[in-house]
$ cat input.pdb   # PDB, C-alpha atoms, pLDDT in the B column
MODEL        1
ATOM      1  CA  MET A   1      34.601  -3.223  23.301  1.00 46.00           C
ATOM      2  CA  GLN A   2      36.329  -0.804  20.941  1.00 48.00           C
ATOM      3  CA  SER A   3      34.367   1.475  18.669  1.00 49.00           C
ATOM      4  CA  THR A   4      35.631   3.172  15.539  1.00 50.00           C
ATOM      5  CA  LEU A   5      33.863   5.464  13.124  1.00 49.00           C
ATOM      6  CA  SER A   6      34.312   4.637   9.462  1.00 49.00           C
ATOM      7  CA  ALA A   7      32.840   5.811   6.210  1.00 49.00           C
ATOM      8  CA  ILE A   8      31.992   4.257   2.875  1.00 50.00           C
ATOM      9  CA  GLN A   9      30.972   5.900  -0.358  1.00 51.00           C
ATOM     10  CA  HIS A  10      27.804   4.639  -2.008  1.00 52.00           C
ATOM     11  CA  ASP A  11      26.307   6.251  -5.113  1.00 52.00           C
ATOM     12  CA  ARG A  12      28.407   9.399  -4.597  1.00 54.00           C
ATOM     13  CA  GLN A  13      27.059   9.718  -1.056  1.00 55.00           C
ATOM     14  CA  LEU A  14      29.148   9.367   2.064  1.00 55.00           C
ATOM     15  CA  ILE A  15      27.655   6.953   4.596  1.00 54.00           C
ATOM     16  CA  LEU A  16      28.965   6.909   8.169  1.00 56.00           C
ATOM     17  CA  TYR A  17      28.774   3.774  10.236  1.00 55.00           C
ATOM     18  CA  ARG A  18      30.118   2.530  13.533  1.00 55.00           C
ATOM     19  CA  LEU A  19      32.245  -0.565  13.664  1.00 52.00           C
ATOM     20  CA  ASP A  20      32.291  -2.264  17.058  1.00 51.00           C
ATOM     21  CA  ARG A  21      34.975  -4.777  17.823  1.00 53.00           C
ATOM     22  CA  ILE A  22      33.889  -7.397  20.315  1.00 53.00           C
ATOM     23  CA  VAL A  23      36.514 -10.049  20.898  1.00 53.00           C
ATOM     24  CA  GLN A  24      37.099 -11.282  17.336  1.00 57.00           C
ATOM     25  CA  PHE A  25      33.811 -10.225  15.759  1.00 53.00           C
ATOM     26  CA  ASP A  26      33.138  -7.081  13.739  1.00 59.00           C
ATOM     27  CA  LYS A  27      29.585  -5.817  13.590  1.00 60.00           C
ATOM     28  CA  LEU A  28      28.299  -3.219  11.204  1.00 57.00           C
ATOM     29  CA  PHE A  29      25.330  -1.148  12.421  1.00 59.00           C
ATOM     30  CA  VAL A  30      23.440   0.594   9.621  1.00 61.00           C
ATOM     31  CA  MET A  31      19.954   2.010  10.098  1.00 55.00           C
ATOM     32  CA  PRO A  32      17.598   0.994   7.284  1.00 65.00           C
ATOM     33  CA  GLN A  33      16.277   3.791   5.117  1.00 67.00           C
ATOM     34  CA  SER A  34      12.540   4.366   4.864  1.00 70.00           C
ATOM     35  CA  PRO A  35      11.216   3.875   1.334  1.00 72.00           C
ATOM     36  CA  PRO A  36      10.216   7.177  -0.332  1.00 74.00           C
ATOM     37  CA  ALA A  37       6.644   5.914  -0.747  1.00 71.00           C
ATOM     38  CA  LEU A  38       6.206   5.898   3.041  1.00 72.00           C
ATOM     39  CA  LEU A  39       7.397   9.484   3.285  1.00 74.00           C
ATOM     40  CA  THR A  40       4.919  10.704   0.655  1.00 83.00           C
ATOM     41  CA  LEU A  41       1.862   8.821   1.877  1.00 87.00           C
ATOM     42  CA  PRO A  42      -1.310  10.816   1.108  1.00 92.00           C
ATOM     43  CA  PRO A  43      -3.015  12.122   4.266  1.00 93.00           C
ATOM     44  CA  ALA A  44      -6.221  10.205   3.511  1.00 94.00           C
ATOM     45  CA  ALA A  45      -4.267   6.941   3.180  1.00 93.00           C
ATOM     46  CA  ALA A  46      -2.364   7.622   6.406  1.00 93.00           C
ATOM     47  CA  GLN A  47      -5.640   8.301   8.226  1.00 96.00           C
ATOM     48  CA  ALA A  48      -7.177   5.104   6.819  1.00 95.00           C
ATOM     49  CA  LEU A  49      -4.205   3.085   8.124  1.00 95.00           C
ATOM     50  CA  ARG A  50      -4.452   4.745  11.558  1.00 96.00           C
ATOM     51  CA  THR A  51      -8.162   3.898  11.698  1.00 97.00           C
ATOM     52  CA  LEU A  52      -7.486   0.315  10.618  1.00 97.00           C
ATOM     53  CA  GLY A  53      -4.804  -0.013  13.298  1.00 97.00           C
ATOM     54  CA  GLU A  54      -7.114   1.394  15.963  1.00 97.00           C
ATOM     55  CA  ASN A  55      -9.904  -0.967  14.898  1.00 97.00           C
ATOM     56  CA  LEU A  56      -7.535  -3.937  15.058  1.00 97.00           C
ATOM     57  CA  ALA A  57      -6.435  -2.863  18.554  1.00 97.00           C
ATOM     58  CA  ILE A  58     -10.075  -2.599  19.647  1.00 97.00           C
ATOM     59  CA  ALA A  59     -10.765  -6.078  18.234  1.00 97.00           C
ATOM     60  CA  ARG A  60      -7.806  -7.501  20.194  1.00 97.00           C
ATOM     61  CA  ILE A  61      -8.912  -5.793  23.413  1.00 97.00           C
ATOM     62  CA  ARG A  62     -12.525  -6.946  23.003  1.00 97.00           C
ATOM     63  CA  ARG A  63     -11.215 -10.501  22.715  1.00 96.00           C
ATOM     64  CA  ARG A  64      -9.294  -9.931  25.974  1.00 97.00           C
ATOM     65  CA  GLU A  65      -5.988 -10.857  24.310  1.00 96.00           C
ATOM     66  CA  SER A  66      -2.695  -9.441  25.577  1.00 97.00           C
ATOM     67  CA  GLN A  67      -0.315  -7.786  23.157  1.00 97.00           C
ATOM     68  CA  ARG A  68       2.169 -10.597  23.727  1.00 97.00           C
ATOM     69  CA  ALA A  69      -0.387 -13.337  22.950  1.00 97.00           C
ATOM     70  CA  TRP A  70      -1.772 -11.492  19.908  1.00 97.00           C
ATOM     71  CA  ALA A  71       1.743 -10.811  18.562  1.00 97.00           C
ATOM     72  CA  LYS A  72       2.565 -14.498  18.944  1.00 97.00           C
ATOM     73  CA  ARG A  73      -0.570 -15.466  17.012  1.00 96.00           C
ATOM     74  CA  LEU A  74       0.387 -12.970  14.285  1.00 96.00           C
ATOM     75  CA  GLY A  75       3.956 -14.246  14.225  1.00 96.00           C
ATOM     76  CA  VAL A  76       5.460 -10.810  14.953  1.00 96.00           C
ATOM     77  CA  SER A  77       7.183  -9.061  17.840  1.00 96.00           C
ATOM     78  CA  VAL A  78       5.257  -6.935  20.344  1.00 96.00           C
ATOM     79  CA  PRO A  79       6.857  -3.706  18.990  1.00 96.00           C
ATOM     80  CA  THR A  80       5.650  -4.629  15.474  1.00 96.00           C
ATOM     81  CA  LEU A  81       2.149  -5.256  16.838  1.00 97.00           C
ATOM     82  CA  ILE A  82       2.226  -1.848  18.522  1.00 97.00           C
ATOM     83  CA  ARG A  83       3.330  -0.221  15.247  1.00 96.00           C
ATOM     84  CA  MET A  84       0.502  -2.006  13.405  1.00 97.00           C
ATOM     85  CA  GLU A  85      -2.067  -0.871  15.966  1.00 97.00           C
ATOM     86  CA  ARG A  86      -0.842   2.707  15.461  1.00 96.00           C
ATOM     87  CA  GLY A  87      -1.324   2.378  11.703  1.00 95.00           C
ATOM     88  CA  ASP A  88       2.363   2.463  10.775  1.00 94.00           C
ATOM     89  CA  PRO A  89       2.632   2.219   6.953  1.00 93.00           C
ATOM     90  CA  GLY A  90       5.979   0.433   7.318  1.00 92.00           C
ATOM     91  CA  VAL A  91       4.275  -2.676   8.700  1.00 95.00           C
ATOM     92  CA  GLY A  92       3.846  -5.270   5.960  1.00 94.00           C
ATOM     93  CA  ALA A  93       0.500  -5.795   4.253  1.00 94.00           C
ATOM     94  CA  GLY A  94       0.743  -9.481   5.125  1.00 95.00           C
ATOM     95  CA  ILE A  95       0.750  -8.654   8.831  1.00 96.00           C
ATOM     96  CA  TYR A  96      -2.343  -6.470   8.476  1.00 96.00           C
ATOM     97  CA  THR A  97      -3.986  -9.264   6.453  1.00 96.00           C
ATOM     98  CA  THR A  98      -3.142 -11.866   9.088  1.00 96.00           C
ATOM     99  CA  ALA A  99      -4.640  -9.621  11.770  1.00 97.00           C
ATOM    100  CA  LEU A 100      -7.803  -9.282   9.683  1.00 96.00           C
ATOM    101  CA  TRP A 101      -7.875 -13.065   9.291  1.00 96.00           C
ATOM    102  CA  LEU A 102      -7.590 -13.502  13.062  1.00 96.00           C
ATOM    103  CA  ILE A 103     -10.738 -11.430  13.556  1.00 96.00           C
ATOM    104  CA  GLY A 104     -12.553 -13.136  10.661  1.00 95.00           C
ATOM    105  CA  ARG A 105     -12.428 -10.196   8.231  1.00 94.00           C
ATOM    106  CA  ALA A 106      -9.802 -11.301   5.663  1.00 93.00           C
ATOM    107  CA  SER A 107     -12.577 -12.164   3.187  1.00 92.00           C
ATOM    108  CA  ALA A 108     -13.486  -8.451   3.003  1.00 91.00           C
ATOM    109  CA  LEU A 109     -10.012  -7.579   1.688  1.00 90.00           C
ATOM    110  CA  PRO A 110     -10.457  -8.501  -2.018  1.00 90.00           C
ATOM    111  CA  GLU A 111     -13.555  -6.291  -2.245  1.00 89.00           C
ATOM    112  CA  LEU A 112     -11.418  -3.214  -1.488  1.00 87.00           C
ATOM    113  CA  ALA A 113      -9.976  -3.236  -5.008  1.00 83.00           C
ATOM    114  CA  ALA A 114     -12.756  -5.063  -6.858  1.00 86.00           C
ATOM    115  CA  PRO A 115     -13.028  -3.895 -10.490  1.00 84.00           C
ATOM    116  CA  GLY A 116     -16.746  -3.213 -10.088  1.00 82.00           C
ATOM    117  CA  SER A 117     -16.031  -0.755  -7.265  1.00 81.00           C
ATOM    118  CA  ASP A 118     -13.223   1.090  -9.069  1.00 80.00           C
ATOM    119  CA  ARG A 119     -14.903   4.437  -9.851  1.00 83.00           C
ATOM    120  CA  GLY A 120     -11.855   5.883 -11.610  1.00 82.00           C
ATOM    121  CA  ALA A 121     -11.677   2.974 -14.053  1.00 80.00           C
ATOM    122  CA  LEU A 122     -15.457   2.998 -14.578  1.00 78.00           C
ATOM    123  CA  GLU A 123     -15.411   6.724 -15.370  1.00 82.00           C
ATOM    124  CA  SER A 124     -12.545   6.153 -17.799  1.00 83.00           C
ATOM    125  CA  ASP A 125     -14.509   3.343 -19.490  1.00 78.00           C
ATOM    126  CA  VAL A 126     -17.542   5.639 -19.853  1.00 77.00           C
ATOM    127  CA  ARG A 127     -15.392   8.424 -21.368  1.00 80.00           C
ATOM    128  CA  ASP A 128     -13.848   5.960 -23.829  1.00 80.00           C
ATOM    129  CA  ALA A 129     -17.278   4.633 -24.771  1.00 76.00           C
ATOM    130  CA  MET A 130     -18.551   8.190 -25.337  1.00 78.00           C
ATOM    131  CA  LYS A 131     -15.573   8.910 -27.625  1.00 76.00           C
ATOM    132  CA  ARG A 132     -16.166   5.704 -29.615  1.00 75.00           C
ATOM    133  CA  ARG A 133     -19.853   6.544 -29.893  1.00 71.00           C
ATOM    134  CA  ALA A 134     -19.054  10.062 -31.118  1.00 64.00           C
ATOM    135  CA  VAL A 135     -16.701   8.678 -33.790  1.00 63.00           C
ATOM    136  CA  ARG A 136     -19.229   6.056 -34.881  1.00 64.00           C
ATOM    137  CA  SER A 137     -22.044   8.600 -34.881  1.00 64.00           C
ATOM    138  CA  ALA A 138     -20.031  10.925 -37.116  1.00 62.00           C
ATOM    139  CA  ALA A 139     -19.144   8.067 -39.474  1.00 63.00           C
ATOM    140  CA  SER A 140     -22.747   6.901 -39.496  1.00 68.00           C
ATOM    141  CA  ALA A 141     -23.990  10.406 -40.276  1.00 63.00           C
ATOM    142  CA  GLU A 142     -21.497  10.720 -43.152  1.00 68.00           C
ATOM    143  CA  ALA A 143     -22.592   7.346 -44.499  1.00 67.00           C
ATOM    144  CA  ARG A 144     -26.266   8.347 -44.371  1.00 67.00           C
ATOM    145  CA  LEU A 145     -25.537  11.655 -46.050  1.00 67.00           C
ATOM    146  CA  GLY A 146     -23.588   9.833 -48.729  1.00 68.00           C
ATOM    147  CA  ARG A 147     -26.536   7.479 -49.382  1.00 65.00           C
ATOM    148  CA  LYS A 148     -28.969  10.397 -49.642  1.00 61.00           C
ATOM    149  CA  ASN A 149     -26.728  12.110 -52.168  1.00 61.00           C
ATOM    150  CA  LEU A 150     -26.565   8.915 -54.227  1.00 58.00           C
ATOM    151  CA  LYS A 151     -30.385   8.577 -54.210  1.00 60.00           C
ATOM    152  CA  ASN A 152     -30.848  12.240 -55.175  1.00 61.00           C
ATOM    153  CA  GLY A 153     -28.127  12.153 -57.800  1.00 56.00           C
TER
ENDMDL
END
$ encode --input "input.pdb" --output "C-alpha coordinates"
Amino acid sequence: MQSTLSAIQHDRQLILYRLDRIVQFDKLFVMPQSPPALLTLPPAAAQALRTLGENLAIARIRRRESQRAWAKRLGVSVPTLIRMERGDPGVGAGIYTTALWLIGRASALPELAAPGSDRGALESDVRDAMKRRAVRSAASAEARLGRKNLKNG
(Lines of atoms letter the chains of each structure in order from A and count residues from 1; the text may use other names and numbers.)
(Lines give C-alpha, C1' and ligand atoms only; values in the text may rest on other atoms or scores of the structure.)
Protein backbone atom coordinates (compact mmCIF):
# COMPACT_ATOMS: atom_id res chain seq x y z
CA MET A 1 0.00 0.00 0.00
CA GLN A 2 1.38 3.40 -0.99
CA SER A 3 0.33 6.55 0.80
CA THR A 4 0.61 10.08 -0.51
CA LEU A 5 -0.38 13.35 1.08
CA SER A 6 -2.36 15.70 -1.12
CA ALA A 7 -4.22 18.94 -0.66
CA ILE A 8 -7.31 20.54 -2.11
CA GLN A 9 -8.59 24.07 -1.75
CA HIS A 10 -12.19 24.49 -0.63
CA ASP A 11 -13.73 27.88 0.13
CA ARG A 12 -10.28 29.50 0.36
CA GLN A 13 -9.24 26.90 2.94
CA LEU A 14 -6.56 24.30 2.38
CA ILE A 15 -7.70 20.78 3.26
CA LEU A 16 -5.13 18.00 3.63
CA TYR A 17 -6.07 14.42 2.96
CA ARG A 18 -4.32 11.11 2.58
CA LEU A 19 -4.69 9.12 -0.59
CA ASP A 20 -3.99 5.41 -0.18
CA ARG A 21 -3.35 3.31 -3.22
CA ILE A 22 -4.36 -0.30 -2.78
CA VAL A 23 -3.93 -2.35 -5.92
CA GLN A 24 -6.01 -0.33 -8.39
CA PHE A 25 -8.30 1.48 -5.96
CA ASP A 26 -7.88 5.01 -4.61
CA LYS A 27 -9.52 5.83 -1.31
CA LEU A 28 -10.00 9.28 0.09
CA PHE A 29 -10.11 9.55 3.89
CA VAL A 30 -11.69 12.78 5.14
CA MET A 31 -12.88 13.21 8.72
CA PRO A 32 -16.38 14.71 8.89
CA GLN A 33 -16.66 18.11 10.50
CA SER A 34 -18.86 18.58 13.54
CA PRO A 35 -21.73 20.99 12.92
CA PRO A 36 -21.26 24.33 14.74
CA ALA A 37 -24.52 23.77 16.65
CA LEU A 38 -22.96 20.80 18.45
CA LEU A 39 -19.97 22.88 19.49
CA THR A 40 -22.15 25.63 20.98
CA LEU A 41 -24.63 23.43 22.82
CA PRO A 42 -25.89 25.20 25.97
CA PRO A 43 -24.68 23.51 29.17
CA ALA A 44 -28.25 22.82 30.33
CA ALA A 45 -29.06 21.08 27.02
CA ALA A 46 -25.85 19.04 27.18
CA GLN A 47 -26.68 17.96 30.74
CA ALA A 48 -30.23 17.02 29.71
CA LEU A 49 -28.85 14.82 26.91
CA ARG A 50 -26.36 13.17 29.30
CA THR A 51 -29.19 12.44 31.74
CA LEU A 52 -31.37 11.06 28.95
CA GLY A 53 -28.52 8.83 27.79
CA GLU A 54 -27.88 7.57 31.31
CA ASN A 55 -31.59 6.86 31.80
CA LEU A 56 -31.72 4.93 28.53
CA ALA A 57 -28.66 2.91 29.61
CA ILE A 58 -30.33 2.13 32.94
CA ALA A 59 -33.50 1.04 31.12
CA ARG A 60 -31.46 -1.31 28.89
CA ILE A 61 -29.60 -2.78 31.88
CA ARG A 62 -32.82 -3.27 33.87
CA ARG A 63 -34.19 -5.23 30.92
CA ARG A 64 -31.01 -7.37 31.03
CA GLU A 65 -30.23 -6.57 27.38
CA SER A 66 -26.65 -6.59 26.10
CA GLN A 67 -25.33 -3.61 24.19
CA ARG A 68 -25.09 -5.75 21.07
CA ALA A 69 -28.72 -6.92 21.30
CA TRP A 70 -30.03 -3.43 22.12
CA ALA A 71 -28.02 -1.87 19.27
CA LYS A 72 -29.45 -4.45 16.89
CA ARG A 73 -32.99 -3.63 18.02
CA LEU A 74 -32.25 0.09 17.52
CA GLY A 75 -30.71 -0.58 14.12
CA VAL A 76 -27.38 1.04 15.03
CA SER A 77 -23.83 -0.07 15.75
CA VAL A 78 -22.60 -0.75 19.29
CA PRO A 79 -20.34 2.37 19.21
CA THR A 80 -23.39 4.50 18.28
CA LEU A 81 -25.35 2.96 21.16
CA ILE A 82 -22.48 3.78 23.52
CA ARG A 83 -22.42 7.38 22.24
CA MET A 84 -26.19 7.63 22.75
CA GLU A 85 -25.94 6.28 26.30
CA ARG A 86 -23.30 8.94 27.02
CA GLY A 87 -25.65 11.65 25.75
CA ASP A 88 -23.67 12.52 22.62
CA PRO A 89 -25.50 15.36 20.80
CA GLY A 90 -24.20 14.04 17.47
CA VAL A 91 -26.45 10.98 17.70
CA GLY A 92 -29.58 11.48 15.61
CA ALA A 93 -32.89 12.40 17.23
CA GLY A 94 -34.46 9.42 15.48
CA ILE A 95 -32.16 7.05 17.35
CA TYR A 96 -33.06 8.61 20.69
CA THR A 97 -36.75 8.40 19.71
CA THR A 98 -36.43 4.74 18.75
CA ALA A 99 -34.77 4.02 22.10
CA LEU A 100 -37.64 5.78 23.87
CA TRP A 101 -40.09 3.72 21.82
CA LEU A 102 -38.32 0.51 22.85
CA ILE A 103 -38.90 1.34 26.51
CA GLY A 104 -42.49 2.49 25.88
CA ARG A 105 -41.88 6.22 26.36
CA ALA A 106 -42.09 7.60 22.78
CA SER A 107 -45.60 8.92 23.49
CA ALA A 108 -44.10 11.37 26.03
CA LEU A 109 -41.99 13.02 23.32
CA PRO A 110 -44.63 15.33 21.73
CA GLU A 111 -45.46 16.81 25.15
CA LEU A 112 -41.90 18.19 25.40
CA ALA A 113 -42.71 20.96 22.92
CA ALA A 114 -46.48 21.19 23.37
CA PRO A 115 -47.75 24.75 22.77
CA GLY A 116 -49.56 24.77 26.11
CA SER A 117 -46.28 24.12 27.94
CA ASP A 118 -44.27 26.75 26.05
CA ARG A 119 -43.78 29.41 28.75
CA GLY A 120 -41.82 31.77 26.49
CA ALA A 121 -44.60 31.86 23.90
CA LEU A 122 -47.29 32.19 26.59
CA GLU A 123 -45.47 35.14 28.17
CA SER A 124 -45.14 36.75 24.74
CA ASP A 125 -48.88 36.26 24.13
CA VAL A 126 -49.68 37.90 27.48
CA ARG A 127 -47.40 40.88 26.69
CA ASP A 128 -49.05 41.30 23.28
CA ALA A 129 -52.50 41.12 24.84
CA MET A 130 -51.52 43.75 27.43
CA LYS A 131 -50.29 46.06 24.64
CA ARG A 132 -53.53 45.59 22.66
CA ARG A 133 -55.56 46.24 25.80
CA ALA A 134 -53.58 49.42 26.53
CA VAL A 135 -54.18 50.69 22.98
CA ARG A 136 -57.88 49.84 23.12
CA SER A 137 -58.21 51.36 26.58
CA ALA A 138 -56.65 54.61 25.38
CA ALA A 139 -58.90 54.68 22.31
CA SER A 140 -61.92 53.88 24.44
CA ALA A 141 -61.06 56.65 26.89
CA GLU A 142 -60.67 59.15 24.03
CA ALA A 143 -64.01 58.07 22.60
CA ARG A 144 -65.74 58.50 25.97
CA LEU A 145 -64.16 61.90 26.47
CA GLY A 146 -65.27 62.90 22.99
CA ARG A 147 -68.87 61.86 23.77
CA LYS A 148 -68.87 63.83 27.03
CA ASN A 149 -67.65 66.92 25.22
CA LEU A 150 -70.43 66.54 22.64
CA LYS A 151 -73.09 66.22 25.39
CA ASN A 152 -71.72 69.25 27.26
CA GLY A 153 -71.29 71.31 24.11
$ atom_distance --input "input.pdb" --atom1 "CA of Leu102 in chain A" --atom2 "CA of Pro115 in chain A"
26.0 Å
$ resolve_selection --input "input.pdb" --expression "the PyMOL selection byres ((chain A and resi 84) around 10)" --output "PDB file with C-alpha atoms, keeping the file's coordinate frame"
ATOM      1  CA  LEU A  49      -4.205   3.085   8.124  1.00 95.00           C
ATOM      2  CA  ARG A  50      -4.452   4.745  11.558  1.00 96.00           C
ATOM      3  CA  LEU A  52      -7.486   0.315  10.618  1.00 97.00           C
ATOM      4  CA  GLY A  53      -4.804  -0.013  13.298  1.00 97.00           C
ATOM      5  CA  GLU A  54      -7.114   1.394  15.963  1.00 97.00           C
ATOM      6  CA  LEU A  56      -7.535  -3.937  15.058  1.00 97.00           C
ATOM      7  CA  ALA A  57      -6.435  -2.863  18.554  1.00 97.00           C
ATOM      8  CA  VAL A  78       5.257  -6.935  20.344  1.00 96.00           C
ATOM      9  CA  PRO A  79       6.857  -3.706  18.990  1.00 96.00           C
ATOM     10  CA  THR A  80       5.650  -4.629  15.474  1.00 96.00           C
ATOM     11  CA  LEU A  81       2.149  -5.256  16.838  1.00 97.00           C
ATOM     12  CA  ILE A  82       2.226  -1.848  18.522  1.00 97.00           C
ATOM     13  CA  ARG A  83       3.330  -0.221  15.247  1.00 96.00           C
ATOM     14  CA  GLU A  85      -2.067  -0.871  15.966  1.00 97.00           C
ATOM     15  CA  ARG A  86      -0.842   2.707  15.461  1.00 96.00           C
ATOM     16  CA  GLY A  87      -1.324   2.378  11.703  1.00 95.00           C
ATOM     17  CA  ASP A  88       2.363   2.463  10.775  1.00 94.00           C
ATOM     18  CA  PRO A  89       2.632   2.219   6.953  1.00 93.00           C
ATOM     19  CA  GLY A  90       5.979   0.433   7.318  1.00 92.00           C
ATOM     20  CA  VAL A  91       4.275  -2.676   8.700  1.00 95.00           C
ATOM     21  CA  GLY A  92       3.846  -5.270   5.960  1.00 94.00           C
ATOM     22  CA  ALA A  93       0.500  -5.795   4.253  1.00 94.00           C
ATOM     23  CA  ILE A  95       0.750  -8.654   8.831  1.00 96.00           C
ATOM     24  CA  TYR A  96      -2.343  -6.470   8.476  1.00 96.00           C
ATOM     25  CA  ALA A  99      -4.640  -9.621  11.770  1.00 97.00           C
TER      26      ALA A  99
END
$ atom_distance --input "input.pdb" --atom1 "CA of Ser34 in chain A" --atom2 "CA of Ser77 in chain A"
19.4 Å
$ atom_distance --input "input.pdb" --atom1 "CA of Arg68 in chain A" --atom2 "CA of Ala48 in chain A"
24.9 Å
$ closest_residue --input "input.pdb" --among "A:Gly116, A:Pro35, A:Gly94, A:Pro110" --to "Leu74 in chain A" --atoms "all atoms listed in the file"
A:Gly94
$ closest_residue --input "input.pdb" --among "A:Leu112, A:Leu122, A:Ile103, A:Ala129" --to "Arg73 in chain A" --atoms "only C-alpha atoms"
A:Ile103
$ residues_around --input "input.pdb" --residues "Thr97 in chain A" --least-positions-apart "6" --cutoff "10 Å" --atoms "all atoms listed in the file" --output "NGL selection string"
:A and (74 or 105-107 or 109)
$ write_last_selection --input "input.pdb" --atoms "C-alpha atoms" --output "CSV table (one decimal), in the coordinates of the input"
chain,number,residue,atom,x,y,z
A,74,LEU,CA,0.4,-13.0,14.3
A,105,ARG,CA,-12.4,-10.2,8.2
A,106,ALA,CA,-9.8,-11.3,5.7
A,107,SER,CA,-12.6,-12.2,3.2
A,109,LEU,CA,-10.0,-7.6,1.7
$ axis_aligned_box --input "input.pdb" --around "range 33-39 of chain A" --padding-each-side "5 Å" --output "lines of an AutoDock Vina configuration file"
center_x = 11.2
center_y = 6.6
center_z = 2.2
size_x = 20.1
size_y = 15.7
size_z = 15.9
